[in-house]
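Q: What follows is a structure written as structure tokens; I'll ask about it next.
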Amino acid sequence: MKDKIDLYKQESSTAFNSIPTDEITKFVNLIIKAYIKQNKVFACGNGGNVASVQNLVLDLNMHPFVSEDKSSRNVERNKFHAISLWDSGAAITGITNDLGFEFIFSEQLKFQASRGDILFALSGSGNSKNIIEALKVAKKIGMLCVVMTRGIDTKADEYADLVLRITSPPSEFPGHTGGNNNNFHYEDCVSKISHIAVGLLKEYVSNEG
């Protein structure tokens, strides 16, 4: 078991390091510019990625704007905010029932998003139908599209302004090999990139104040 744990730690590090720092920097700069311009950040994903979406949205909406000891708001908040496209069970089930599951994100963007907003779309394969539909609509609106994936030459690439891609070798750790290859490490990397963006936005907001 110890060998397997060490394997996971090594593979996870390799996976994260396979994402170019320059690309992560671009993502952070997009988030900071969205804050400056008071744009919105929409996030979506499926399965386990929903938890990552919710964590990112909560952190972006709260963490940069409170004191380090979390006792008070320490900066004035502007209209920048993040939105999870999974927040409304009524919207998800209603759209699924009336139009189909592949449209659960795109239909919400049509009446919530504006030009200049960001769509952060999570898809391990890069080919999830509801993610692709969301990207299509986002591009028509004039949003900036960021995709995080472990897939190569994906359908999402066609619509993305920025791709955060894991390109590490196939995993040997149990539970996420084969068609689900590197998925554990992919989800770990989503969390790490989210925390980097939130932390650096907090630094920017604090210095601005």
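Just remember, in the structure tokens the first chain shown is A, the second B, etc., residues are 1-based per chain, and ligands are 1-based in the order shown.
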Which residues, written as a PyMOL selection string, have at least one atom at most 10 Å from Asn29 (chain A), with only C-alpha atoms counted and residues fewer than 5 positions away on the same chain left out?

A: chain A and resi 23-24+34-35+197+200-201

Q: Can you write out the residues you just picked, keeping N, CA, C and O atoms, as a short mmCIF file (atom, residue, chain, number, x, y, z; two decimals), in the first residue's frame?

A:
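Listed below is the output, out-v6.cif:
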```cif
data_model
loop_
_atom_site.label_atom_id
_atom_site.label_comp_id
_atom_site.auth_asym_id
_atom_site.auth_seq_id
_atom_site.Cartn_x
_atom_site.Cartn_y
_atom_site.Cartn_z
N GLU A 23 0.32 28.91 -19.13
CA GLU A 23 -1.12 28.77 -19.36
C GLU A 23 -1.90 29.05 -18.07
O GLU A 23 -2.98 29.67 -18.10
N ILE A 24 -1.38 28.61 -16.95
CA ILE A 24 -2.02 28.91 -15.67
C ILE A 24 -1.99 30.41 -15.42
O ILE A 24 -2.97 31.00 -14.94
N ALA A 34 -11.36 40.00 -15.18
CA ALA A 34 -12.81 39.91 -14.98
C ALA A 34 -13.21 40.68 -13.73
O ALA A 34 -14.25 41.36 -13.71
N TYR A 35 -12.39 40.58 -12.69
CA TYR A 35 -12.66 41.35 -11.47
C TYR A 35 -12.60 42.86 -11.76
O TYR A 35 -13.49 43.62 -11.36
N ALA A 197 -5.71 30.60 -8.59
CA ALA A 197 -6.45 31.76 -9.09
C ALA A 197 -7.06 32.57 -7.95
O ALA A 197 -6.98 33.80 -7.93
N LEU A 200 -4.23 34.38 -5.84
CA LEU A 200 -3.63 35.52 -6.52
C LEU A 200 -4.62 36.65 -6.75
O LEU A 200 -4.24 37.83 -6.78
N LEU A 201 -5.91 36.30 -6.89
CA LEU A 201 -6.92 37.36 -6.96
C LEU A 201 -7.00 38.07 -5.60
O LEU A 201 -7.10 39.30 -5.54
#
```

Q: Which of region 52-177 of chain A counts as strand (DSSP E or B) under DSSP, as an NGL selection string please?

A: :A and (66 or 73 or 81-84 or 118-122 or 144-149 or 162-165)

Q: Nearest to Ser88 (chain A) among A:Ser168, A:Gln108, A:Thr14, A:Thr149, with distances taken over only C-alpha atoms: which residue is it?

A: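 Smallest separation from Ser88 (chain A) among the options: A:Gln108.
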
Q: Write out as a short mmCIF file (atom, residue, chain, number, x, y, z; two decimals) with N, CA, C and O atoms, in the first residue's frame the residues lying within 12 Å of Lys37 (chain A), counting only C-alpha atoms and excluding same-chain residues fewer than 2 positions away.

A:
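As a result, result_2.cif now contains:
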```
data_model
loop_
_atom_site.label_atom_id
_atom_site.label_comp_id
_atom_site.auth_asym_id
_atom_site.auth_seq_id
_atom_site.Cartn_x
_atom_site.Cartn_y
_atom_site.Cartn_z
N LEU A 30 -6.90 36.28 -16.63
CA LEU A 30 -8.29 36.42 -17.08
C LEU A 30 -9.22 36.66 -15.89
O LEU A 30 -10.14 37.49 -15.97
N ILE A 31 -8.98 35.94 -14.80
CA ILE A 31 -9.81 36.12 -13.60
C ILE A 31 -9.63 37.52 -13.03
O ILE A 31 -10.61 38.19 -12.66
N ILE A 32 -8.40 37.98 -12.95
CA ILE A 32 -8.14 39.32 -12.41
C ILE A 32 -8.77 40.39 -13.30
O ILE A 32 -9.38 41.36 -12.81
N LYS A 33 -8.66 40.23 -14.62
CA LYS A 33 -9.27 41.20 -15.54
C LYS A 33 -10.80 41.19 -15.42
O LYS A 33 -11.43 42.23 -15.52
N ALA A 34 -11.36 40.00 -15.18
CA ALA A 34 -12.81 39.91 -14.98
C ALA A 34 -13.21 40.68 -13.73
O ALA A 34 -14.25 41.36 -13.71
N TYR A 35 -12.39 40.58 -12.69
CA TYR A 35 -12.66 41.35 -11.47
C TYR A 35 -12.60 42.86 -11.76
O TYR A 35 -13.49 43.62 -11.36
N ASN A 39 -16.87 41.66 -14.62
CA ASN A 39 -17.52 40.60 -15.39
C ASN A 39 -17.87 39.43 -14.48
O ASN A 39 -17.47 39.38 -13.33
N LYS A 40 -18.59 38.47 -15.04
CA LYS A 40 -18.98 37.26 -14.31
C LYS A 40 -18.12 36.08 -14.76
O LYS A 40 -17.67 36.03 -15.91
N VAL A 41 -17.93 35.13 -13.86
CA VAL A 41 -17.24 33.88 -14.19
C VAL A 41 -18.25 32.75 -14.01
O VAL A 41 -18.73 32.51 -12.91
N ASN A 78 -16.87 44.83 -5.54
CA ASN A 78 -17.56 45.35 -6.72
C ASN A 78 -18.54 44.29 -7.24
O ASN A 78 -18.88 43.35 -6.53
N LYS A 79 -18.98 44.41 -8.49
CA LYS A 79 -20.03 43.52 -8.99
C LYS A 79 -19.50 42.23 -9.59
O LYS A 79 -20.28 41.40 -10.09
N PHE A 80 -18.19 42.04 -9.56
CA PHE A 80 -17.60 40.76 -10.00
C PHE A 80 -18.18 39.62 -9.16
O PHE A 80 -18.27 39.72 -7.94
N HIS A 81 -18.57 38.54 -9.82
CA HIS A 81 -18.98 37.36 -9.07
C HIS A 81 -18.94 36.13 -9.96
O HIS A 81 -18.87 36.22 -11.19
N ARG A 115 -21.24 39.56 -23.01
CA ARG A 115 -19.94 39.65 -23.68
C ARG A 115 -18.87 40.02 -22.66
O ARG A 115 -19.07 40.90 -21.82
N GLY A 116 -17.73 39.34 -22.73
CA GLY A 116 -16.64 39.61 -21.82
C GLY A 116 -16.62 38.75 -20.58
O GLY A 116 -15.62 38.71 -19.87
N ASP A 117 -17.74 38.07 -20.29
CA ASP A 117 -17.76 37.13 -19.17
C ASP A 117 -16.88 35.92 -19.49
O ASP A 117 -16.52 35.69 -20.65
N ILE A 118 -16.55 35.14 -18.48
CA ILE A 118 -15.71 33.95 -18.64
C ILE A 118 -16.54 32.69 -18.44
O ILE A 118 -17.38 32.63 -17.53
#
```

Q: Using only C-alpha atoms, what does the table of region 97-138 of chain A residues within 9 Å of region 47-62 of chain A look like, with each row giving the shortest atom pair and its distance in Å to one decimal, sorted by chain and ascending number, as CSV?

A:
```
residue,atom,partner,partner_atom,distance
A:Phe120,CA,A:Val53,CA,8.7
A:Ala121,CA,A:Val53,CA,8.9
A:Leu122,CA,A:Asn49,CA,6.7
A:Ser123,CA,A:Asn49,CA,7.9
A:Gly124,CA,A:Asn49,CA,8.8
```

Q: Take the residues from that selection and put them in a file with all heavy atoms, as a short mmCIF file (atom, residue, chain, number, x, y, z; two decimals), in the first residue's frame.

A:
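The resulting file, part-v7.cif, is reproduced below:
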```
data_model
loop_
_atom_site.label_atom_id
_atom_site.label_comp_id
_atom_site.auth_asym_id
_atom_site.auth_seq_id
_atom_site.Cartn_x
_atom_site.Cartn_y
_atom_site.Cartn_z
N PHE A 120 -15.68 28.86 -17.55
CA PHE A 120 -14.66 27.88 -17.16
C PHE A 120 -15.32 26.51 -17.22
O PHE A 120 -16.16 26.17 -16.39
CB PHE A 120 -14.15 28.19 -15.75
CG PHE A 120 -13.02 27.30 -15.29
CD1 PHE A 120 -12.00 26.94 -16.15
CD2 PHE A 120 -12.96 26.85 -13.98
CE1 PHE A 120 -10.95 26.14 -15.72
CE2 PHE A 120 -11.92 26.05 -13.53
CZ PHE A 120 -10.91 25.70 -14.41
N ALA A 121 -14.98 25.74 -18.24
CA ALA A 121 -15.66 24.48 -18.53
C ALA A 121 -14.73 23.30 -18.24
O ALA A 121 -13.61 23.24 -18.75
CB ALA A 121 -16.10 24.45 -19.99
N LEU A 122 -15.21 22.38 -17.42
CA LEU A 122 -14.43 21.21 -17.04
C LEU A 122 -14.95 19.97 -17.75
O LEU A 122 -16.13 19.64 -17.65
CB LEU A 122 -14.51 20.99 -15.53
CG LEU A 122 -14.14 22.18 -14.65
CD1 LEU A 122 -14.31 21.83 -13.18
CD2 LEU A 122 -12.73 22.65 -14.93
N SER A 123 -14.07 19.29 -18.46
CA SER A 123 -14.43 18.05 -19.13
C SER A 123 -13.20 17.18 -19.25
O SER A 123 -12.26 17.53 -19.98
CB SER A 123 -15.02 18.32 -20.53
OG SER A 123 -15.24 17.10 -21.22
N GLY A 124 -13.18 16.06 -18.51
CA GLY A 124 -12.03 15.18 -18.57
C GLY A 124 -11.71 14.75 -19.99
O GLY A 124 -10.56 14.79 -20.43
#
```

Q: Please report the interatomic distance between CA of Glu208 (chain A) and CA of Val190 (chain A) in Å with one decimal.

A: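 These atoms are spaced 26.9 Å apart.
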
Q: Here is a test: counting only C-alpha atoms, which residue of A:Gln38, A:Ser106, A:Ser67, A:Ser171 is nearest to Lys4 (chain A)?

A: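 Checking each candidate against Lys4 (chain A), we get A:Ser171 as the closest.
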
Q: I want to know what sits within 12 Å of Ile152 (chain A), based on only C-alpha atoms, with residues of the same chain fewer than 3 positions away left out; could you give that as a count of residues only?

A: 17

Q: Tell me, as a compact mmCIF listing (two decimals) with N, CA and C atoms, in the first residue's frame, which residues lie within 12 Å of Ile95 (chain A), counting only C-alpha atoms; anything in the same chain fewer than 2 positions away does not count.

A:
```
# COMPACT_ATOMS: atom_id res chain seq x y z
N TRP A 86 -24.61 24.67 -12.06
CA TRP A 86 -25.28 23.54 -11.42
C TRP A 86 -26.13 23.97 -10.23
N SER A 88 -29.01 25.53 -9.79
CA SER A 88 -30.47 25.40 -9.78
C SER A 88 -30.91 24.02 -10.24
N GLY A 89 -31.37 23.22 -9.27
CA GLY A 89 -31.92 21.90 -9.63
C GLY A 89 -33.14 22.03 -10.52
N ALA A 90 -33.93 23.08 -10.31
CA ALA A 90 -35.12 23.30 -11.13
C ALA A 90 -34.73 23.55 -12.58
N ALA A 91 -33.70 24.40 -12.78
CA ALA A 91 -33.26 24.69 -14.15
C ALA A 91 -32.70 23.43 -14.81
N ILE A 92 -31.87 22.69 -14.09
CA ILE A 92 -31.26 21.49 -14.65
C ILE A 92 -32.32 20.47 -15.08
N THR A 93 -33.26 20.18 -14.17
CA THR A 93 -34.27 19.17 -14.49
C THR A 93 -35.26 19.68 -15.53
N ASN A 97 -35.73 17.93 -19.10
CA ASN A 97 -37.04 17.40 -19.46
C ASN A 97 -37.55 17.97 -20.78
N ASP A 98 -37.34 19.27 -21.00
CA ASP A 98 -37.92 19.93 -22.17
C ASP A 98 -37.04 19.87 -23.41
N LEU A 99 -35.71 19.98 -23.21
CA LEU A 99 -34.82 20.11 -24.36
C LEU A 99 -33.77 19.01 -24.46
N GLY A 100 -33.36 18.46 -23.32
CA GLY A 100 -32.33 17.43 -23.32
C GLY A 100 -31.16 17.82 -22.46
N PHE A 101 -30.50 16.81 -21.89
CA PHE A 101 -29.42 17.03 -20.93
C PHE A 101 -28.25 17.81 -21.54
N GLU A 102 -28.04 17.68 -22.85
CA GLU A 102 -26.89 18.35 -23.46
C GLU A 102 -27.02 19.87 -23.46
N PHE A 103 -28.21 20.39 -23.14
CA PHE A 103 -28.43 21.84 -23.17
C PHE A 103 -28.52 22.47 -21.78
N ILE A 104 -28.20 21.73 -20.72
CA ILE A 104 -28.43 22.24 -19.37
C ILE A 104 -27.58 23.47 -19.06
N PHE A 105 -26.40 23.59 -19.65
CA PHE A 105 -25.55 24.75 -19.40
C PHE A 105 -25.79 25.86 -20.42
N SER A 106 -25.90 25.49 -21.68
CA SER A 106 -26.03 26.48 -22.74
C SER A 106 -27.30 27.31 -22.60
N GLU A 107 -28.40 26.69 -22.21
CA GLU A 107 -29.65 27.45 -22.07
C GLU A 107 -29.56 28.47 -20.95
N GLN A 108 -28.85 28.15 -19.88
CA GLN A 108 -28.69 29.11 -18.79
C GLN A 108 -27.81 30.29 -19.21
N ASN A 130 -22.77 18.37 -23.21
CA ASN A 130 -23.32 19.59 -22.60
C ASN A 130 -22.25 20.68 -22.48
```
